[in-house]
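Raw contents of input34.tsv, TSV, C-alpha atoms:
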```tsv
chain	number	residue	atom	x	y	z
P	6	MET	CA	1.33	8.37	-14.36
P	7	ILE	CA	-1.66	9.48	-12.36
P	8	LYS	CA	-0.62	10.75	-8.95
P	9	SER	CA	-3.17	8.58	-7.18
P	10	LEU	CA	-1.85	5.38	-8.72
P	11	SER	CA	1.14	5.35	-6.44
P	12	SER	CA	-0.86	5.25	-3.46
P	13	LEU	CA	-0.97	2.19	-2.30
P	14	ILE	CA	-0.33	-1.73	0.86
P	15	PHE	CA	-0.38	-4.60	2.87
P	16	VAL	CA	-1.32	-10.14	6.22
P	17	ILE	CA	-2.57	-12.96	8.71
P	18	VAL	CA	0.30	-13.85	10.99
P	19	PHE	CA	0.99	-17.54	10.81
P	20	CYS	CA	3.82	-19.79	11.86
P	21	THR	CA	5.30	-22.85	10.26
P	22	THR	CA	4.76	-26.14	12.02
P	23	ILE	CA	5.83	-29.50	10.75
P	24	SER	CA	2.80	-31.73	10.49
P	25	SER	CA	2.53	-34.08	7.55
P	26	CYS	CA	5.19	-31.87	5.89
P	27	LYS	CA	2.67	-29.05	5.48
P	28	THR	CA	2.61	-25.36	6.44
P	29	GLU	CA	-0.14	-24.72	8.97
P	30	VAL	CA	-1.58	-21.51	10.37
P	31	ASN	CA	-1.14	-21.32	14.14
P	32	ASP	CA	-1.16	-17.56	14.76
P	33	SER	CA	-4.06	-15.42	13.57
P	34	LYS	CA	-2.86	-11.94	14.54
P	35	TYR	CA	-2.85	-9.25	11.88
P	36	SER	CA	-2.22	-5.51	11.52
P	37	PHE	CA	-3.16	-2.61	9.25
P	38	TYR	CA	-1.75	0.19	7.19
P	39	HIS	CA	-3.02	3.69	7.84
P	40	TRP	CA	-2.74	5.53	4.51
P	41	LYS	CA	-4.95	8.58	4.91
P	42	THR	CA	-3.45	12.07	5.15
P	43	ASN	CA	-5.48	12.81	8.29
P	44	PHE	CA	-4.97	10.60	11.33
P	45	ASN	CA	-8.17	10.46	13.33
P	46	LEU	CA	-9.33	6.93	14.05
P	47	THR	CA	-13.03	6.25	14.38
P	48	GLU	CA	-14.32	3.94	17.06
P	49	GLN	CA	-14.81	1.29	14.37
P	50	ASP	CA	-11.20	1.75	13.22
P	51	LYS	CA	-9.98	1.25	16.78
P	52	THR	CA	-12.04	-1.92	17.10
P	53	HIS	CA	-10.64	-3.33	13.85
P	54	ILE	CA	-7.07	-2.61	14.98
P	55	GLN	CA	-7.56	-4.05	18.46
P	56	ASP	CA	-9.24	-7.16	17.05
P	57	GLY	CA	-6.07	-7.83	15.07
P	58	GLN	CA	-4.17	-8.21	18.38
P	59	SER	CA	-0.79	-7.44	16.81
P	60	ASN	CA	-0.43	-4.07	18.57
P	61	ILE	CA	1.24	-2.66	15.43
P	62	LEU	CA	0.06	0.08	13.07
P	63	TYR	CA	1.92	0.90	9.86
P	64	MET	CA	1.38	4.63	9.38
P	65	ARG	CA	2.24	6.53	6.20
P	66	PHE	CA	4.08	9.62	7.46
P	67	PHE	CA	4.66	11.36	4.13
P	68	ASP	CA	5.50	10.88	0.45
P	69	VAL	CA	8.57	11.99	-1.48
P	70	ASP	CA	8.18	13.21	-5.05
P	71	PHE	CA	10.51	14.96	-7.50
P	72	ASN	CA	9.68	18.65	-7.77
P	73	THR	CA	10.53	19.80	-11.30
P	74	LYS	CA	10.40	23.50	-10.37
P	75	GLU	CA	12.84	23.05	-7.50
P	76	ASN	CA	14.70	20.32	-9.41
P	77	LYS	CA	14.98	18.15	-6.32
P	78	PRO	CA	13.03	15.59	-4.27
P	79	LEU	CA	10.64	17.11	-1.74
P	80	PRO	CA	8.23	15.69	0.85
P	81	ILE	CA	4.51	15.95	0.12
P	82	ALA	CA	1.24	14.79	1.72
P	83	THR	CA	2.54	14.76	5.29
P	84	VAL	CA	0.12	13.11	7.71
P	85	GLN	CA	-1.89	15.53	9.86
P	86	PHE	CA	-3.04	14.66	13.37
P	87	SER	CA	-6.30	15.68	14.99
P	88	LYS	CA	-6.02	17.56	18.26
P	89	ASP	CA	-7.11	14.69	20.48
P	90	PHE	CA	-6.00	11.71	18.41
P	91	GLU	CA	-5.66	8.36	20.15
P	92	VAL	CA	-3.27	5.51	19.34
P	93	VAL	CA	-4.47	2.06	20.38
P	94	VAL	CA	-1.29	0.10	19.58
P	95	ASP	CA	2.10	-0.34	21.23
P	96	THR	CA	4.14	0.06	18.04
P	97	ILE	CA	3.87	2.74	15.36
P	98	VAL	CA	5.83	1.95	12.19
P	99	PRO	CA	6.48	5.09	10.09
P	100	VAL	CA	6.08	4.40	6.37
P	101	VAL	CA	7.46	6.75	3.71
P	102	PHE	CA	6.32	6.37	0.12
P	103	ILE	CA	8.96	7.41	-2.41
P	104	LYS	CA	8.03	7.57	-6.07
P	105	ASN	CA	10.36	5.63	-8.33
P	106	GLU	CA	10.54	8.77	-10.49
P	107	VAL	CA	12.67	10.36	-7.77
P	108	PHE	CA	15.54	7.96	-8.40
P	109	LYS	CA	15.27	8.45	-12.14
P	110	HIS	CA	16.04	12.14	-11.71
P	111	ILE	CA	18.85	12.10	-9.15
P	112	THR	CA	22.39	10.75	-9.06
P	113	LEU	CA	23.79	7.98	-6.89
P	114	GLU	CA	25.35	10.49	-4.51
P	115	GLU	CA	22.12	12.50	-4.36
P	116	SER	CA	20.27	9.28	-3.51
P	117	LYS	CA	22.56	8.76	-0.52
P	118	SER	CA	22.12	12.40	0.52
P	119	LEU	CA	18.33	12.10	0.35
P	120	SER	CA	18.41	9.74	3.31
P	121	LYS	CA	19.34	12.56	5.71
P	122	PRO	CA	16.28	14.82	5.25
P	123	VAL	CA	14.02	11.76	5.12
P	124	SER	CA	15.42	10.46	8.41
P	125	GLN	CA	15.14	13.90	9.99
P	126	LYS	CA	11.49	14.27	9.03
P	127	ILE	CA	10.65	10.78	10.31
P	128	LYS	CA	12.33	11.53	13.64
P	129	ARG	CA	10.70	14.96	13.91
P	130	LEU	CA	7.18	13.64	13.33
P	131	PHE	CA	7.65	10.66	15.62
P	132	LYS	CA	9.09	12.80	18.41
P	133	SER	CA	6.33	15.40	18.09
P	134	TYR	CA	3.43	12.97	18.31
P	135	PHE	CA	4.53	9.67	19.85
P	136	GLU	CA	7.52	10.10	22.17
P	137	PRO	CA	8.10	9.39	25.00
P	138	GLN	CA	5.14	7.00	25.17
P	139	LYS	CA	6.27	5.09	22.08
P	140	MET	CA	9.70	3.95	20.98
P	141	LEU	CA	10.82	4.08	17.35
P	142	THR	CA	11.80	0.49	16.56
P	143	LYS	CA	10.73	-0.06	12.95
P	144	ILE	CA	10.72	1.98	9.73
P	145	GLN	CA	9.36	1.05	6.32
P	146	ILE	CA	10.03	2.57	2.90
P	147	ASP	CA	7.54	2.02	0.09
P	148	CYS	CA	8.98	2.27	-3.42
P	149	ASP	CA	8.36	0.32	-6.61
P	150	TRP	CA	11.99	0.43	-7.70
P	151	SER	CA	13.02	-0.87	-11.11
P	152	GLN	CA	16.05	-2.52	-12.65
P	153	ASN	CA	17.29	0.92	-13.70
P	154	THR	CA	16.85	2.56	-10.28
P	155	LYS	CA	17.83	-0.30	-7.95
P	156	MET	CA	21.41	0.90	-7.35
P	157	LYS	CA	20.25	4.37	-6.34
P	158	TYR	CA	17.38	3.10	-4.23
P	159	PHE	CA	19.55	0.52	-2.47
P	160	ALA	CA	22.20	3.19	-1.80
P	161	PHE	CA	19.46	5.35	-0.27
P	162	LEU	CA	18.36	2.49	2.00
P	163	GLU	CA	21.90	1.72	3.15
P	164	SER	CA	22.49	5.36	3.97
P	165	LEU	CA	19.12	5.72	5.72
P	166	ALA	CA	19.95	2.86	8.08
P	167	THR	CA	23.03	4.73	9.36
P	168	TYR	CA	20.84	7.48	10.83
P	169	PHE	CA	19.03	5.11	13.21
P	170	ASP	CA	20.16	2.88	16.03
P	171	ASN	CA	18.61	-0.55	16.62
P	172	ILE	CA	15.96	-0.07	13.95
P	173	GLU	CA	14.35	-2.76	11.82
P	174	LEU	CA	14.33	-1.34	8.30
P	175	SER	CA	11.90	-2.84	5.80
P	176	THR	CA	10.82	-2.05	2.26
P	177	THR	CA	7.85	-3.03	0.18
P	178	LEU	CA	8.25	-5.70	-2.47
P	179	ARG	CA	6.24	-6.16	-5.66
P	180	LEU	CA	5.50	-9.49	-7.26
P	181	HIS	CA	7.77	-8.88	-10.25
P	182	GLN	CA	10.64	-8.22	-7.82
P	183	VAL	CA	10.12	-11.70	-6.40
P	184	LYS	CA	10.03	-13.49	-9.74
P	185	TYR	CA	12.84	-11.51	-11.37
P	186	ARG	CA	15.04	-10.75	-8.37
P	187	GLU	CA	18.26	-11.31	-10.33
P	188	LYS	CA	17.29	-8.30	-12.44
P	189	THR	CA	15.62	-6.10	-9.84
P	190	GLY	CA	17.96	-7.05	-7.00
P	191	VAL	CA	17.46	-7.85	-3.32
P	192	PRO	CA	17.30	-4.71	-1.16
P	193	PRO	CA	19.73	-4.17	1.75
P	194	VAL	CA	17.10	-4.28	4.49
P	195	ASP	CA	16.11	-6.47	7.42
P	196	LYS	CA	12.73	-7.45	6.00
P	197	VAL	CA	10.42	-6.92	3.01
P	198	VAL	CA	6.65	-6.71	2.71
P	199	LEU	CA	5.15	-8.40	-0.34
P	200	MET	CA	2.36	-6.23	-1.72
P	201	ALA	CA	0.02	-8.87	-3.11
P	202	TYR	CA	-2.35	-6.48	-4.86
P	203	ASN	CA	-2.55	-3.84	-7.61
P	204	VAL	CA	-1.45	-6.50	-10.08
P	205	GLY	CA	-3.61	-5.49	-13.03
P	206	ASP	CA	-3.14	-2.85	-15.73
P	207	ILE	CA	-4.95	0.18	-14.38
P	208	LEU	CA	-4.26	2.10	-17.59
P	209	ASN	CA	-6.24	-0.40	-19.66
P	210	ILE	CA	-9.97	0.27	-19.88
P	211	GLU	CA	-10.45	-3.42	-20.73
P	212	GLU	CA	-9.01	-4.49	-17.34
P	213	THR	CA	-11.60	-6.14	-15.09
P	214	ASN	CA	-10.05	-5.59	-11.65
P	215	SER	CA	-6.58	-4.09	-11.24
P	216	ILE	CA	-6.61	-4.49	-7.43
P	217	ILE	CA	-6.86	-8.25	-7.24
P	218	ASN	CA	-6.37	-10.89	-9.92
P	219	ASN	CA	-5.47	-14.27	-8.50
P	220	ASN	CA	-4.62	-15.79	-11.88
P	221	VAL	CA	-1.99	-13.10	-12.47
P	222	THR	CA	-0.68	-13.26	-8.90
P	223	ASN	CA	-0.22	-17.01	-9.05
P	224	GLN	CA	2.17	-16.62	-11.99
P	225	TYR	CA	4.60	-14.67	-9.78
P	226	LEU	CA	4.62	-16.78	-6.62
P	227	GLN	CA	6.67	-19.78	-7.71
P	228	ARG	CA	9.88	-18.36	-6.23
P	229	LEU	CA	8.42	-16.81	-3.08
P	230	SER	CA	9.54	-19.65	-0.79
P	231	GLU	CA	13.18	-19.12	-1.77
P	232	TYR	CA	13.26	-15.36	-1.33
P	233	PRO	CA	16.47	-14.62	0.64
P	234	LEU	CA	14.96	-12.17	3.14
P	235	PRO	CA	12.27	-12.54	5.82
P	236	TYR	CA	8.97	-11.19	4.54
P	237	ASP	CA	5.49	-10.21	5.60
P	238	VAL	CA	2.53	-10.02	3.23
P	239	ALA	CA	0.16	-7.12	2.52
P	240	LEU	CA	-3.38	-8.01	1.47
P	241	PRO	CA	-6.02	-5.63	0.06
P	242	VAL	CA	-9.23	-4.56	1.79
P	243	PHE	CA	-10.10	-1.43	-0.17
P	244	GLU	CA	-11.95	-0.25	-3.23
P	245	TRP	CA	-11.81	2.57	-5.75
P	246	ALA	CA	-13.28	3.72	-9.04
P	247	ILE	CA	-11.08	4.40	-12.07
P	248	LEU	CA	-12.24	7.37	-14.14
P	249	TYR	CA	-11.69	7.12	-17.90
P	250	ARG	CA	-12.16	9.86	-20.47
P	251	ARG	CA	-11.98	8.90	-24.14
P	252	GLU	CA	-10.70	5.50	-22.95
P	253	LYS	CA	-7.75	7.07	-21.10
P	254	PRO	CA	-7.46	7.00	-17.27
P	255	VAL	CA	-7.63	10.46	-15.73
P	256	ALA	CA	-8.17	9.87	-12.00
P	257	ILE	CA	-8.83	7.43	-9.21
P	258	LEU	CA	-11.94	8.17	-7.16
P	259	ASN	CA	-11.27	7.07	-3.58
P	260	ASN	CA	-14.02	8.89	-1.75
P	261	TYR	CA	-17.38	8.81	-3.40
P	262	SER	CA	-20.95	8.70	-2.18
P	263	LEU	CA	-22.98	5.82	-3.56
P	264	LYS	CA	-25.95	8.17	-3.65
P	265	THR	CA	-24.05	10.68	-5.81
P	266	PHE	CA	-22.69	7.88	-7.94
P	267	ARG	CA	-26.11	6.37	-8.61
P	268	GLU	CA	-27.60	9.77	-9.42
P	269	ASN	CA	-25.02	10.55	-12.09
P	270	PHE	CA	-24.02	7.22	-13.65
P	271	ARG	CA	-25.80	4.42	-15.47
P	272	PRO	CA	-24.62	0.79	-15.79
P	273	THR	CA	-23.11	-0.28	-19.11
P	274	GLN	CA	-23.15	-3.74	-20.66
P	275	THR	CA	-19.72	-4.37	-19.14
P	276	LEU	CA	-19.67	-5.62	-15.54
P	277	ASN	CA	-18.70	-2.90	-13.01
P	278	MET	CA	-18.50	-0.22	-15.75
P	279	TYR	CA	-20.69	2.87	-15.54
P	280	LYS	CA	-21.17	5.90	-17.82
P	281	ALA	CA	-21.95	9.43	-16.65
P	282	HIS	CA	-25.24	10.70	-18.05
P	283	GLN	CA	-24.56	14.28	-16.95
P	284	ASP	CA	-21.75	16.56	-15.74
P	285	CYS	CA	-21.04	16.31	-12.01
P	286	TYR	CA	-18.40	16.45	-9.26
P	287	ILE	CA	-17.15	13.35	-7.43
P	288	SER	CA	-14.20	13.32	-5.02
P	289	SER	CA	-13.27	16.87	-6.13
P	290	ASN	CA	-13.03	15.63	-9.72
P	291	PHE	CA	-15.16	17.18	-12.43
P	292	ILE	CA	-16.94	14.43	-14.35
P	293	TYR	CA	-18.04	15.09	-17.91
P	294	LYS	CA	-21.10	13.52	-19.49
P	295	ASP	CA	-20.08	10.21	-21.14
P	296	ASP	CA	-17.03	9.73	-18.88
P	297	VAL	CA	-16.73	6.10	-17.80
P	298	VAL	CA	-15.75	4.62	-14.44
P	299	ARG	CA	-14.81	1.07	-13.49
P	300	VAL	CA	-15.61	0.25	-9.88
P	301	GLU	CA	-13.08	-2.15	-8.35
P	302	THR	CA	-13.37	-3.83	-4.98
P	303	VAL	CA	-12.16	-6.90	-3.08
P	304	SER	CA	-14.63	-9.67	-2.39
P	305	LYS	CA	-14.41	-12.05	0.54
P	306	ASN	CA	-14.03	-15.01	-1.82
P	307	ASP	CA	-11.21	-13.42	-3.86
P	308	LEU	CA	-9.33	-12.39	-0.73
P	309	LYS	CA	-9.61	-15.90	0.69
P	310	LYS	CA	-8.26	-17.40	-2.54
P	311	LEU	CA	-5.40	-14.90	-2.60
P	312	SER	CA	-4.47	-15.74	0.97
P	313	GLU	CA	-4.52	-19.46	0.18
P	314	LEU	CA	-2.29	-18.96	-2.87
P	315	ILE	CA	0.31	-17.18	-0.76
P	316	LYS	CA	0.15	-19.72	2.06
P	317	THR	CA	0.70	-22.52	-0.44
P	318	ALA	CA	3.62	-20.75	-2.11
P	319	SER	CA	5.33	-19.76	1.12
P	320	LYS	CA	7.39	-22.05	3.31
P	321	LYS	CA	8.26	-19.37	5.86
P	322	PRO	CA	6.25	-17.83	8.69
P	323	TYR	CA	4.94	-14.37	7.83
P	324	SER	CA	2.63	-11.73	9.24
P	325	THR	CA	-0.34	-10.19	7.46
P	326	ILE	CA	-0.86	-6.45	7.05
P	327	PHE	CA	-4.16	-5.34	5.58
P	328	TYR	CA	-4.33	-2.26	3.36
P	329	HIS	CA	-5.97	-0.22	4.77
P	330	ILE	CA	-7.68	0.81	8.00
P	331	GLY	CA	-10.60	3.17	7.44
P	332	SER	CA	-11.64	1.48	4.19
P	333	PRO	CA	-15.42	1.02	3.83
P	334	VAL	CA	-14.70	-2.48	2.48
P	335	LEU	CA	-13.67	-3.58	5.98
P	336	SER	CA	-17.32	-3.59	7.01
P	337	ASN	CA	-17.75	-6.62	4.73
P	338	PHE	CA	-15.24	-8.66	6.75
P	339	THR	CA	-15.63	-10.00	10.26
P	340	ASN	CA	-12.73	-10.46	12.65
P	341	HIS	CA	-13.03	-14.19	11.96
P	342	ASP	CA	-12.73	-13.56	8.21
P	343	LEU	CA	-9.51	-11.59	8.66
P	344	LYS	CA	-8.03	-14.12	11.04
P	345	THR	CA	-8.66	-17.07	8.74
```
Could you write out this file's structure as structure tokens?
Amino acid sequence: MIKSLSSLIFVIVFCTTISSCKTEVNDSKYSFYHWKTNFNLTEQDKTHIQDGQSNILYMRFFDVDFNTKENKPLPIATVQFSKDFEVVVDTIVPVVFIKNEVFKHITLEESKSLSKPVSQKIKRLFKSYFEPQKMLTKIQIDCDWSQNTKMKYFAFLESLATYFDNIELSTTLRLHQVKYREKTGVPPVDKVVLMAYNVGDILNIEETNSIINNNVTNQYLQRLSEYPLPYDVALPVFEWAILYRREKPVAILNNYSLKTFRENFRPTQTLNMYKAHQDCYISSNFIYKDDVVRVETVSKNDLKKLSELIKTASKKPYSTIFYHIGSPVLSNFTNHDLKT
């Protein structure tokens, strides 16, 4: 699996009112994920966050991957803070991404033990950069657990909760874990966040858009209203380019200049597919002549339809978290767009 694939999410806050037996939106607050390794908000980022009016920022603190040389899980990609960084929200929610591969390599007891170093690193980072001005009240773990790893992952979550007092613990939830919850299980947490994106097959060069596909998403929402835990919803506002070589995915290009892209690629007959006409570098990736990229983004119309699908399927109030702040795609959306 490509390392970049696991990156990833995350909702218009609305409440349920009884009027003609229909769910209505009556709260338009929203929040964001911060998923970059460097935390240094631009003035535009601060405006987007403040416009959301939720006063919450979900910040990825670090990832956990299985180190084959050390033969144990280790933290990677820890967030770095600029010298004079500014936080414009009341609540910072640390998010830790743990690759599902971790739980494939460790035992049940090792899964429980993993919670201690993870909790220690969360506390250390939070204390270093946010206390005493901020209080640690919420924590989120991001992991696409499977039927085979659910027992270990759930044991990790239960153990993690014991290291914190008065903390709301949440975990991310994929669409297949909603539809097939008897197989994948319901996690022992206070709340889940439904990641309503990355639903396509990114490995398939024939895929049209792996970020958002409302036809696919709709097939997994029938049981959302009966999910036994409170949930929020993560919606996508980002883009990327998938690099293919000999029809196999080799990288995700997250940071690319349109100027550089246009100089080195030519459109193909397939929509949003481009072929390199010369060797070049993009996002620290060496591109060979004849490599192909598929550019994927989120349009205003597709995002609106996705939001409507979820509102229709849900009979509970939920909050919206957009993935992610700092994305160039955000410039395509007004505050009114995100609220509605």
Checklist entry - CA of Pro241 in chain P and CA of Gln55 in chain P are how many Å apart? => result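 Here the two named atoms are 18.5 Å from each other.
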Checklist entry - Neighbours of Glu173 in chain P within 9 Å (all atoms listed in the file; same-chain residues fewer than 4 positions away dropped), as a ChimeraX atom specification? => result /P:142-145,166,194-196
Taking all atoms of range 224-235 of chain P that appear in the file, build a box with edges along x, y and z, extend it by 4 Å on every side, and state its centre and edge lengths in Å to one decimal, as AutoDock Vina command-line options.
```
--center_x 9.3 --center_y -16.0 --center_z -3.1 --size_x 22.3 --size_y 15.6 --size_z 25.8
```
Next on the checklist: Would you pick out the contacts of Glu252 in chain P at 10 Å or less, using only C-alpha atoms, so that residues sharing its chain but fewer than 5 positions from it are not included, and give the list as a list in words?
Outcome noted: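 Residues near the query, excluding close chain neighbours: Leu208, Asn209, Ile210, Glu211, Asp296, Val297 and Val298 of chain P.
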Quick one: contact table of range 120-207 of chain P to range 218-236 of chain P, 9 Å max, nearest atom pair and distance in Å to one decimal per residue, counting all atoms listed in the file, chain and number order, as a tab-separated table?
```
residue	atom	partner	partner_atom	distance
P:Ser175	CA	P:Tyr236	CA	8.9
P:Leu178	CA	P:Tyr236	CA	8.9
P:Leu180	CA	P:Tyr225	CA	5.8
P:His181	CA	P:Tyr225	CA	6.6
P:Val183	CA	P:Leu229	CA	6.3
P:Lys184	CA	P:Tyr225	CA	5.6
P:Tyr185	CA	P:Tyr225	CA	9.0
P:Arg186	CA	P:Tyr232	CA	8.6
P:Val191	CA	P:Pro233	CA	7.9
P:Pro192	CA	P:Leu234	CA	8.9
P:Val194	CA	P:Leu234	CA	8.3
P:Asp195	CA	P:Leu234	CA	7.2
P:Lys196	CA	P:Pro235	CA	5.1
P:Val197	CA	P:Tyr236	CA	4.8
P:Val198	CA	P:Tyr236	CA	5.4
P:Leu199	CA	P:Tyr236	CA	6.8
P:Ala201	CA	P:Thr222	CA	7.3
P:Tyr202	CA	P:Asn218	CA	7.8
P:Asn203	CA	P:Asn218	CA	8.3
P:Val204	CA	P:Asn218	CA	6.6
P:Gly205	CA	P:Asn218	CA	6.8
```
Just-selected residues, C-alpha atoms written as a compact mmCIF listing (two decimals), in the coordinates of the input:
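Heads up, here's the output in part19.txt:
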```txt
# COMPACT_ATOMS: atom_id res chain seq x y z
CA SER P 175 11.90 -2.84 5.80
CA LEU P 178 8.25 -5.70 -2.47
CA LEU P 180 5.50 -9.49 -7.26
CA HIS P 181 7.77 -8.88 -10.25
CA VAL P 183 10.12 -11.70 -6.40
CA LYS P 184 10.03 -13.49 -9.74
CA TYR P 185 12.84 -11.51 -11.37
CA ARG P 186 15.04 -10.75 -8.37
CA VAL P 191 17.46 -7.85 -3.32
CA PRO P 192 17.30 -4.71 -1.16
CA VAL P 194 17.10 -4.28 4.49
CA ASP P 195 16.11 -6.47 7.42
CA LYS P 196 12.73 -7.45 6.00
CA VAL P 197 10.42 -6.92 3.01
CA VAL P 198 6.65 -6.71 2.71
CA LEU P 199 5.15 -8.40 -0.34
CA ALA P 201 0.02 -8.87 -3.11
CA TYR P 202 -2.35 -6.48 -4.86
CA ASN P 203 -2.55 -3.84 -7.61
CA VAL P 204 -1.45 -6.50 -10.08
CA GLY P 205 -3.61 -5.49 -13.03
```
